[in-house]
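Colleague: The structure file start-v8.cif (mmCIF, C-alpha atoms) is provided below.
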```cif
data_coords
#
loop_
_atom_site.label_atom_id
_atom_site.label_comp_id
_atom_site.auth_asym_id
_atom_site.auth_seq_id
_atom_site.Cartn_x
_atom_site.Cartn_y
_atom_site.Cartn_z
CA MET N 12 130.29 -36.73 176.13
CA SER N 13 126.65 -37.70 175.64
CA LEU N 14 124.89 -41.01 175.38
CA ASN N 15 124.85 -42.42 171.88
CA HIS N 16 121.10 -43.03 171.79
CA SER N 17 121.21 -44.30 168.21
CA GLU N 18 123.07 -47.40 169.43
CA LEU N 19 121.15 -47.98 172.66
CA PRO N 20 118.31 -50.53 172.63
CA SER N 21 114.84 -49.05 172.44
CA PHE N 22 111.71 -50.15 174.24
CA PRO N 23 108.28 -50.27 172.57
CA PRO N 24 105.53 -48.01 173.97
CA PHE N 25 102.95 -50.83 174.29
CA ALA N 26 99.81 -48.87 173.50
CA ASN N 27 97.50 -51.51 175.01
CA TRP N 28 100.00 -53.41 177.26
CA LYS N 29 99.41 -56.69 175.43
CA GLY N 30 102.56 -58.81 175.36
CA ILE N 31 104.63 -56.66 177.73
CA SER N 32 105.07 -59.64 180.07
CA GLN N 33 107.39 -61.17 177.49
CA TYR N 34 110.01 -58.65 178.60
CA PHE N 35 109.89 -60.16 182.10
CA PRO N 36 111.09 -63.80 181.97
CA VAL N 37 109.83 -64.45 185.51
CA GLN N 38 106.29 -64.28 184.13
CA SER N 39 106.84 -66.91 181.43
CA ASP N 40 106.08 -69.86 183.70
CA SER N 41 105.08 -68.16 186.94
CA VAL N 42 103.21 -65.17 188.35
CA TRP N 43 105.33 -62.75 190.37
CA LEU N 44 103.13 -60.75 192.73
CA ASN N 45 105.76 -59.28 195.01
CA TYR N 46 106.76 -56.19 193.06
CA CYS N 47 106.56 -54.10 196.22
CA GLY N 48 109.17 -56.46 197.69
CA THR N 49 111.75 -57.21 195.01
CA THR N 50 111.53 -57.04 191.24
CA PRO N 51 113.09 -59.53 188.80
CA VAL N 52 115.17 -58.13 185.95
CA SER N 53 113.66 -57.33 182.55
CA THR N 54 115.19 -58.46 179.27
CA TYR N 55 115.49 -54.77 178.37
CA ALA N 56 117.79 -54.14 181.34
CA ILE N 57 119.76 -57.27 180.44
CA GLU N 58 120.18 -56.03 176.87
CA MET N 59 121.36 -52.63 178.08
CA MET N 60 123.82 -54.17 180.53
CA ASN N 61 125.14 -56.56 177.89
CA LEU N 62 125.90 -53.60 175.65
CA TYR N 63 127.65 -51.84 178.52
CA PHE N 64 129.72 -54.93 179.36
CA GLN N 65 130.77 -55.28 175.73
CA GLU N 66 131.89 -51.65 175.65
CA TYR N 67 133.54 -51.90 179.06
CA ALA N 68 135.47 -54.98 177.93
CA ARG N 69 136.80 -53.00 174.97
CA TYR N 70 137.19 -49.50 176.39
CA GLY N 71 137.21 -49.88 180.18
CA ILE N 72 135.83 -46.85 182.00
CA PHE N 73 135.81 -44.97 178.70
CA ALA N 74 132.88 -47.01 177.33
CA PRO N 75 131.59 -44.49 174.77
CA SER N 76 127.84 -44.98 175.27
CA PHE N 77 127.98 -45.00 179.06
CA ALA N 78 129.96 -42.06 180.44
CA GLU N 79 129.46 -41.96 184.21
CA PRO N 80 128.49 -38.26 184.44
CA VAL N 81 125.93 -38.68 181.67
CA ILE N 82 124.37 -41.80 183.19
CA LYS N 83 124.18 -40.03 186.55
CA ALA N 84 122.54 -36.99 184.95
CA ALA N 85 120.04 -39.24 183.18
CA ILE N 86 119.10 -41.09 186.40
CA ARG N 87 118.77 -37.81 188.26
CA GLY N 88 116.65 -36.40 185.47
CA TYR N 89 114.24 -39.32 185.50
CA ILE N 90 113.87 -39.24 189.30
CA ALA N 91 113.43 -35.46 189.26
CA GLU N 92 110.64 -35.90 186.72
CA ILE N 93 108.92 -38.46 188.94
CA LEU N 94 109.25 -36.38 192.13
CA VAL N 95 108.81 -32.97 190.46
CA CYS N 96 112.02 -31.56 191.91
CA ASP N 97 115.41 -30.30 190.75
CA PRO N 98 117.95 -32.94 189.64
CA SER N 99 120.56 -31.36 191.93
CA GLU N 100 118.44 -32.50 194.89
CA ILE N 101 118.94 -36.17 193.97
CA GLY N 102 121.74 -38.45 195.20
CA ILE N 103 122.41 -42.16 194.70
CA VAL N 104 123.06 -44.56 197.60
CA HIS N 105 122.81 -48.31 198.22
CA ASN N 106 119.51 -48.58 200.06
CA THR N 107 116.95 -46.78 202.21
CA SER N 108 118.67 -47.65 205.50
CA GLU N 109 121.94 -46.14 204.34
CA GLY N 110 120.27 -42.96 203.11
CA ILE N 111 118.23 -42.35 206.25
CA ASN N 112 121.16 -43.23 208.50
CA LEU N 113 123.43 -40.76 206.74
CA TYR N 114 120.83 -38.04 207.05
CA SER N 115 119.87 -38.90 210.64
CA HIS N 116 123.48 -38.84 211.86
CA SER N 117 124.27 -35.58 210.06
CA ILE N 118 121.53 -33.33 211.44
CA GLN N 119 120.89 -31.71 214.79
CA ILE N 120 117.74 -32.27 216.87
CA PRO N 121 117.19 -30.34 220.12
CA LYS N 122 116.97 -32.37 223.30
CA GLY N 123 113.39 -32.88 224.44
CA LYS N 124 111.95 -33.06 220.93
CA ARG N 125 110.35 -36.14 219.37
CA ILE N 126 110.63 -38.14 216.15
CA LEU N 127 107.44 -39.80 214.94
CA VAL N 128 107.30 -42.86 212.69
CA LEU N 129 104.44 -45.02 211.51
CA GLU N 130 103.06 -47.92 213.52
CA ASN N 131 104.47 -51.24 212.21
CA GLU N 132 106.87 -49.27 210.01
CA TYR N 133 109.54 -51.08 208.01
CA PRO N 134 112.80 -51.29 210.05
CA SER N 135 114.70 -49.12 207.54
CA ASN N 136 112.67 -46.17 208.78
CA VAL N 137 112.99 -47.03 212.48
CA TYR N 138 116.52 -48.21 213.27
CA PRO N 139 118.29 -45.16 211.76
CA TRP N 140 116.49 -42.92 214.28
CA GLU N 141 117.09 -45.01 217.41
CA HIS N 142 120.43 -43.39 218.27
CA TRP N 143 118.55 -40.19 219.11
CA LYS N 144 116.95 -41.83 222.16
CA GLU N 145 120.35 -41.76 223.87
CA LYS N 146 120.53 -38.02 223.17
CA GLY N 147 117.29 -37.06 224.88
CA VAL N 148 115.10 -37.19 221.78
CA GLY N 149 111.96 -39.35 221.82
CA LEU N 150 111.11 -41.91 219.15
CA GLU N 151 107.42 -42.79 219.06
CA PHE N 152 104.90 -44.48 216.77
CA ILE N 153 101.66 -43.12 215.29
CA PRO N 154 98.72 -45.55 215.04
CA VAL N 155 97.71 -46.09 211.44
CA GLY N 156 93.98 -46.49 212.09
CA LYS N 157 91.55 -48.18 209.75
CA THR N 158 91.50 -45.49 207.06
CA PRO N 159 93.74 -42.66 205.79
CA GLU N 160 91.40 -40.24 207.58
CA ASP N 161 91.98 -42.06 210.88
CA PHE N 162 95.70 -41.64 210.43
CA LEU N 163 95.45 -37.92 209.76
CA LEU N 164 93.44 -37.49 212.96
CA ASN N 165 96.02 -39.47 214.93
CA LEU N 166 98.83 -37.42 213.39
CA LYS N 167 97.12 -34.11 214.13
CA GLN N 168 96.70 -35.06 217.78
CA GLU N 169 100.42 -35.83 218.08
CA LEU N 170 101.60 -32.72 216.24
CA GLU N 171 99.41 -30.48 218.37
CA LYS N 172 101.54 -31.41 221.37
CA GLY N 173 104.13 -29.06 219.85
CA ASP N 174 107.30 -31.11 220.37
CA VAL N 175 107.59 -33.15 217.17
CA PHE N 176 110.76 -32.21 215.29
CA ILE N 177 110.60 -34.86 212.55
CA LEU N 178 107.83 -36.97 211.08
CA SER N 179 109.43 -39.80 209.10
CA LEU N 180 106.66 -41.41 207.10
CA SER N 181 106.08 -44.00 204.40
CA PRO N 182 103.32 -42.60 202.16
CA VAL N 183 102.20 -46.19 201.51
CA HIS N 184 102.16 -48.77 204.30
CA TRP N 185 104.27 -51.73 203.22
CA CYS N 186 101.99 -54.33 204.83
CA THR N 187 98.50 -53.00 204.22
CA GLY N 188 98.83 -50.88 201.08
CA VAL N 189 97.05 -47.94 202.74
CA VAL N 190 97.96 -44.65 201.00
CA PHE N 191 98.14 -41.44 202.99
CA ASP N 192 97.18 -37.97 201.79
CA MET N 193 100.64 -36.46 201.62
CA GLU N 194 99.47 -32.92 200.85
CA ALA N 195 97.39 -33.00 204.02
CA VAL N 196 100.33 -34.49 205.94
CA SER N 197 102.66 -31.81 204.59
CA ASN N 198 100.24 -29.04 205.55
CA LEU N 199 99.98 -30.39 209.10
CA CYS N 200 103.76 -30.56 209.38
CA GLU N 201 104.16 -26.98 208.15
CA THR N 202 101.49 -25.74 210.55
CA HIS N 203 103.25 -27.36 213.50
CA HIS N 204 106.84 -26.60 212.39
CA THR N 205 107.73 -30.26 211.89
CA LYS N 206 110.18 -31.53 209.26
CA LEU N 207 108.72 -34.14 206.94
CA VAL N 208 111.01 -37.04 205.99
CA ILE N 209 109.77 -39.70 203.60
CA ASP N 210 110.66 -43.37 203.21
CA GLY N 211 109.59 -43.58 199.59
CA SER N 212 110.32 -47.24 198.87
CA GLN N 213 106.64 -48.21 198.63
CA ALA N 214 105.60 -44.92 197.06
CA VAL N 215 107.99 -43.74 194.34
CA GLY N 216 106.79 -45.14 191.03
CA HIS N 217 103.59 -46.39 192.68
CA ILE N 218 101.74 -43.22 193.69
CA ALA N 219 102.08 -39.65 192.51
CA LEU N 220 104.47 -37.58 194.66
CA ASP N 221 104.86 -33.91 193.75
CA PHE N 222 107.64 -32.34 195.81
CA SER N 223 106.76 -28.94 194.36
CA LYS N 224 103.53 -29.20 196.36
CA ILE N 225 104.65 -31.36 199.27
CA LYS N 226 107.28 -29.79 201.51
CA VAL N 227 109.74 -32.62 202.13
CA ALA N 228 113.08 -32.15 203.87
CA PHE N 229 114.53 -35.52 202.95
CA CYS N 230 113.49 -38.71 201.19
CA ALA N 231 115.16 -42.09 200.65
CA PHE N 232 113.94 -45.10 198.72
CA ALA N 233 114.99 -48.40 197.17
CA ALA N 234 115.42 -48.76 193.42
CA TRP N 235 114.29 -52.39 193.29
CA LYS N 236 110.60 -52.04 194.02
CA TRP N 237 108.15 -50.00 191.92
CA LEU N 238 110.98 -48.58 189.78
CA LEU N 239 112.08 -52.09 188.71
CA GLY N 240 115.73 -51.39 189.49
CA PRO N 241 118.55 -53.55 190.89
CA LEU N 242 118.92 -54.88 194.41
CA GLY N 243 121.44 -52.84 196.37
CA LEU N 244 120.75 -49.43 194.84
CA GLY N 245 118.80 -46.58 196.39
CA VAL N 246 118.09 -42.89 195.93
CA VAL N 247 117.97 -39.90 198.25
CA TYR N 248 116.35 -36.50 197.89
CA LEU N 249 117.58 -33.54 199.92
CA ALA N 250 115.60 -30.32 199.57
CA LYS N 251 117.51 -27.20 198.58
CA GLU N 252 116.36 -25.48 201.77
CA GLU N 253 117.63 -28.39 203.84
CA SER N 254 120.97 -28.50 202.01
CA LYS N 255 122.06 -25.02 203.11
CA GLY N 256 125.01 -25.66 205.38
CA PHE N 257 124.38 -29.41 205.25
CA GLN N 258 127.43 -31.63 205.66
CA LEU N 259 127.46 -35.40 206.11
CA ILE N 260 129.06 -36.90 209.19
CA PHE N 261 131.24 -39.05 206.89
CA LYS N 262 133.84 -37.81 204.43
CA GLY N 263 135.06 -40.02 201.62
CA GLN N 264 137.21 -39.72 198.55
CA ALA N 265 134.22 -38.59 196.48
CA SER N 266 132.88 -36.12 199.06
CA VAL N 267 134.92 -33.17 197.81
CA VAL N 268 134.93 -31.13 194.62
CA ASN N 269 137.27 -32.25 191.81
CA ASP N 270 137.56 -35.64 193.52
CA SER N 271 139.30 -37.22 190.53
CA SER N 272 142.36 -35.07 191.27
CA TYR N 273 143.69 -36.63 194.45
CA PHE N 274 146.22 -33.98 195.49
CA PRO N 275 146.24 -31.64 197.21
CA TYR N 276 143.67 -32.87 199.77
CA ARG N 277 140.53 -30.76 199.70
CA ASP N 278 138.21 -29.25 202.28
CA GLU N 279 135.55 -27.98 199.87
CA TRP N 280 132.61 -30.37 199.87
CA LYS N 281 130.42 -31.21 196.89
CA PRO N 282 126.84 -29.94 196.84
CA ALA N 283 124.69 -31.60 199.49
CA ALA N 284 122.97 -34.35 197.46
CA ASP N 285 126.30 -35.35 195.89
CA GLN N 286 127.81 -35.91 199.33
CA PHE N 287 125.82 -39.10 199.73
CA GLU N 288 128.05 -40.78 197.14
CA GLN N 289 131.09 -41.37 199.32
CA SER N 290 133.45 -43.06 196.88
CA THR N 291 133.56 -45.44 193.91
CA ILE N 292 130.05 -46.59 193.06
CA ASN N 293 128.71 -49.86 191.61
CA PHE N 294 128.32 -48.56 188.10
CA ASN N 295 126.83 -51.86 186.87
CA ASP N 296 123.78 -51.12 189.02
CA TRP N 297 123.59 -47.61 187.61
CA ILE N 298 123.29 -49.04 184.09
CA TYR N 299 120.59 -51.48 185.23
CA PHE N 300 118.67 -48.66 186.93
CA TYR N 301 119.12 -46.34 183.97
CA ALA N 302 117.65 -49.01 181.69
CA SER N 303 114.64 -49.55 183.96
CA LEU N 304 113.96 -45.83 184.24
CA ARG N 305 114.33 -45.37 180.49
CA MET N 306 111.83 -48.18 179.95
CA LEU N 307 109.33 -46.66 182.40
CA SER N 308 109.84 -43.22 180.89
CA THR N 309 109.09 -44.59 177.42
CA LEU N 310 105.85 -46.05 178.75
CA GLY N 311 105.11 -42.89 180.73
CA PHE N 312 105.55 -42.74 184.49
CA SER N 313 101.95 -41.67 185.18
CA ARG N 314 100.63 -44.20 182.68
CA VAL N 315 102.56 -46.96 184.43
CA ARG N 316 100.98 -45.98 187.75
CA GLU N 317 97.52 -46.13 186.20
CA ARG N 318 98.27 -49.58 184.75
CA ILE N 319 99.31 -50.82 188.20
CA TYR N 320 95.96 -49.62 189.59
CA GLU N 321 94.10 -51.17 186.67
CA ILE N 322 95.64 -54.60 187.23
CA ALA N 323 95.18 -54.26 191.00
CA ASP N 324 91.49 -53.56 190.43
CA LEU N 325 91.18 -56.71 188.32
CA PHE N 326 92.70 -58.69 191.18
CA LYS N 327 90.41 -56.95 193.65
CA LYS N 328 87.32 -57.95 191.67
CA SER N 329 88.51 -61.55 191.37
CA LEU N 330 89.27 -61.75 195.08
CA HIS N 331 85.87 -60.32 195.97
CA ASP N 332 84.22 -62.83 193.61
CA LEU N 333 85.91 -65.60 195.58
CA GLY N 334 84.72 -64.24 198.92
CA PHE N 335 87.92 -62.59 200.15
CA THR N 336 88.02 -59.30 202.02
CA LEU N 337 90.77 -56.70 201.57
CA GLU N 338 92.34 -53.98 203.67
CA SER N 339 91.48 -51.52 200.91
CA ASP N 340 87.76 -52.25 201.34
CA ALA N 341 87.92 -49.63 204.12
CA PHE N 342 89.18 -46.96 201.67
CA PRO N 343 87.69 -47.94 198.28
CA THR N 344 88.31 -44.58 196.58
CA VAL N 345 92.06 -44.57 197.29
CA LYS N 346 94.23 -46.04 194.54
CA THR N 347 96.83 -48.59 195.64
CA GLY N 348 98.76 -51.37 193.94
CA ILE N 349 99.24 -53.32 197.18
CA LEU N 350 96.43 -55.76 197.89
CA ALA N 351 96.35 -56.96 201.49
CA ILE N 352 93.88 -59.83 201.88
CA THR N 353 92.48 -59.76 205.41
CA GLY N 354 89.94 -62.56 205.46
CA HIS N 355 87.35 -64.73 203.74
CA LYS N 356 83.59 -65.17 204.14
CA ASP N 357 84.45 -68.64 205.50
CA SER N 358 86.91 -67.59 208.18
CA ALA N 359 88.29 -71.12 208.55
CA LYS N 360 89.61 -70.95 204.98
CA PHE N 361 91.66 -67.80 205.51
CA GLN N 362 95.05 -69.12 206.57
CA PRO N 363 97.58 -66.76 204.94
CA GLU N 364 100.66 -68.95 205.27
CA ARG N 365 98.80 -71.96 203.96
CA ILE N 366 97.42 -70.01 200.98
CA GLN N 367 100.88 -68.58 200.25
CA SER N 368 102.39 -72.08 200.28
CA PHE N 369 99.65 -73.42 198.00
CA LEU N 370 100.14 -70.58 195.53
CA LYS N 371 103.90 -71.06 195.57
CA GLN N 372 103.39 -74.65 194.42
CA LYS N 373 101.47 -73.19 191.49
CA GLY N 374 104.32 -70.82 190.63
CA ILE N 375 102.61 -67.77 192.15
CA THR N 376 104.73 -65.58 194.43
CA THR N 377 103.03 -63.61 197.20
CA ALA N 378 104.00 -62.48 200.71
CA VAL N 379 102.49 -62.65 204.20
CA ARG N 380 102.69 -59.46 206.27
CA LEU N 381 100.95 -58.70 209.58
CA GLY N 382 98.60 -61.65 209.16
CA ARG N 383 97.60 -60.54 205.67
CA LEU N 384 98.28 -62.20 202.34
CA ARG N 385 99.89 -59.47 200.25
CA MET N 386 99.85 -59.18 196.46
CA ALA N 387 101.53 -56.40 194.51
CA PRO N 388 101.29 -56.49 190.69
CA HIS N 389 103.16 -54.35 188.17
CA ILE N 390 103.15 -53.82 184.40
CA ALA N 391 104.52 -57.33 183.80
CA ILE N 392 101.18 -58.75 184.96
CA GLU N 393 98.60 -59.18 182.21
CA GLU N 394 94.98 -60.26 182.31
CA GLU N 395 95.83 -63.94 181.83
CA HIS N 396 97.95 -63.85 184.98
CA VAL N 397 95.01 -62.50 186.95
CA ALA N 398 92.88 -65.39 185.66
CA ARG N 399 95.58 -67.89 186.59
CA VAL N 400 95.72 -66.61 190.16
CA LYS N 401 91.93 -66.66 190.44
CA ASP N 402 91.85 -70.27 189.24
CA ALA N 403 94.52 -71.28 191.75
CA LEU N 404 92.70 -69.60 194.63
CA SER N 405 89.44 -71.22 193.57
CA GLU N 406 91.18 -74.60 193.64
CA TYR N 407 92.53 -73.87 197.10
CA LEU N 408 89.10 -72.91 198.43
CA ASN N 409 87.46 -76.00 196.95
CA GLN N 410 89.95 -78.39 198.51
CA SER N 411 90.30 -76.75 201.92
#
```
Once you've parsed the file, please lay out its structure as structure tokens.

Modeller:
Amino acid sequence: MSLNHSELPSFPPFANWKGISQYFPVQSDSVWLNYCGTTPVSTYAIEMMNLYFQEYARYGIFAPSFAEPVIKAAIRGYIAEILVCDPSEIGIVHNTSEGINLYSHSIQIPKGKRILVLENEYPSNVYPWEHWKEKGVGLEFIPVGKTPEDFLLNLKQELEKGDVFILSLSPVHWCTGVVFDMEAVSNLCETHHTKLVIDGSQAVGHIALDFSKIKVAFCAFAAWKWLLGPLGLGVVYLAKEESKGFQLIFKGQASVVNDSSYFPYRDEWKPAADQFEQSTINFNDWIYFYASLRMLSTLGFSRVRERIYEIADLFKKSLHDLGFTLESDAFPTVKTGILAITGHKDSAKFQPERIQSFLKQKGITTAVRLGRLRMAPHIAIEEEHVARVKDALSEYLNQS
């Protein structure tokens, strides 16, 4: 069975992006600038889900336009296109923590080796590794430094010690927006025989990741950030080389081949990436995610990334005009959609929590991370939203 595309809602290509915010109701009377945190639903995803619910109400699991294997293949195909990998290397989970935990508990690490993670890393890429400390494996943090080059130097110094088994890295720091050179990171890991694991939540859909060029053993990421998917859905990537002999620590109803035939019980496991789907999945979220990926694919994944940078640059100019300084000022040639405001020419006026509260009263959603005011736009942000934020910040500065 294949998807009946003639009956599925289409999404316009938006040649110049004008009017695209109308597909994101959150932008109608507010400005959502936390797309690297959570992403509100689009009307396109709502339309797709409504169609699915109508079919499900009439046909149950036999909804003709939404066969589970076909939806899964479509999601895998889109993600494989983004990551430049094989669809068979993609699995679907609930979140990053679940994915990394499943991987971390299913591998073997020799005693005396170390796991490295990023300084001030998000907990989803720290807690899943902590159990190794009780097994004689070290868990240590790499200083980020002020620039991507600083980080590479810090990483090289650690890898040269010769005992790092895994580097588990976020290619984009969730607080500062700093983007690391993943080809350089991958080359260092290969040189020093270190497995590279990626927490891709802040990267996938935001920066270009080419797994045909970057040697990655495993990757996990959330669907609800730069890919505009639903809360509670995540994706994993397990490299073909890593999957040889791989078997998860957990075994569920859906872990084995021909899982829809319940008897006799089976010992033959599904291919490695499929093992991450333990049992019955939340198919509603799959439809939501499928719709978001289909929308982004229509627009063009690389084109979407460039639009994120374009809008981020407009914000950067406005913020500089108002006297603010940014984390990215230290690496101006690196593209990032996360704007971390670090200060103001009048230091007394830079009070991140106070600014965040003021903006919230104006219907503008931001976040405060590591003493920085963080903004993260996406395609739903248009030029008029940038102007609105600039006006609000100007008002704040004039009254404070």

Colleague: Taking the file as shown, what set of residues would the PyMOL selection byres ((chain N and resi 258) around 7) give back, as a VMD selection string?

Modeller: chain N and resid 117 256 to 257 259 to 260 283

Colleague: Counting all atoms listed in the file, find residues at most 12 Å from (92.5, -70.1, 187.4) (file frame) and give them as a list in words.

Modeller: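 Looking at atoms near the point gives Val42, Ser329, Leu330, Leu333, Leu370, Lys373, Ile375, Glu394, Glu395, His396, Val397, Ala398, Arg399, Val400, Lys401, Asp402, Ala403, Leu404, Ser405, Glu406, Tyr407 and Leu408 of chain N.
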
Colleague: Given the file shown, enumerate the residues that the PyMOL selection byres ((chain N and resi 77) around 10) captures and present them as a PyMOL selection string.

Modeller: chain N and resi 12-15+19+62-63+66-67+72-76+78-83+294+297-298

Colleague: With a distance cut-off of 8 Å and all atoms listed in the file, select the neighbouring residues of N:Ile390, excluding the residue or stretch itself and same-chain residues fewer than 4 positions from it, and output the selection as a PyMOL selection string.

Modeller: chain N and resi 28+31-32+315+318-319

Colleague: Translate the PyMOL selection byres ((chain N and resi 266) around 9) into a concrete residue list for this structure, as a list in words.

Modeller: Leu259, Phe261, Lys262, Gly263, Gln264, Ala265, Val267, Val268, Asp270, Glu279, Trp280, Lys281, Pro282, Asp285, Gln286, Phe287, Glu288, Gln289 and Ser290 of chain N

Colleague: Please tabulate, as a tab-separated table, the residues of stretch 38-121 of chain N that come within 10 Å of stretch 172-179 of chain N, each with its closest pair of atoms and the distance in Å to one decimal, counting only C-alpha atoms and ordering rows by chain, then residue number upward.

Modeller:
```
residue	atom	partner	partner_atom	distance
N:Ile111	CA	N:Ser179	CA	9.6
N:Ile120	CA	N:Phe176	CA	7.2
N:Pro121	CA	N:Phe176	CA	8.3
```
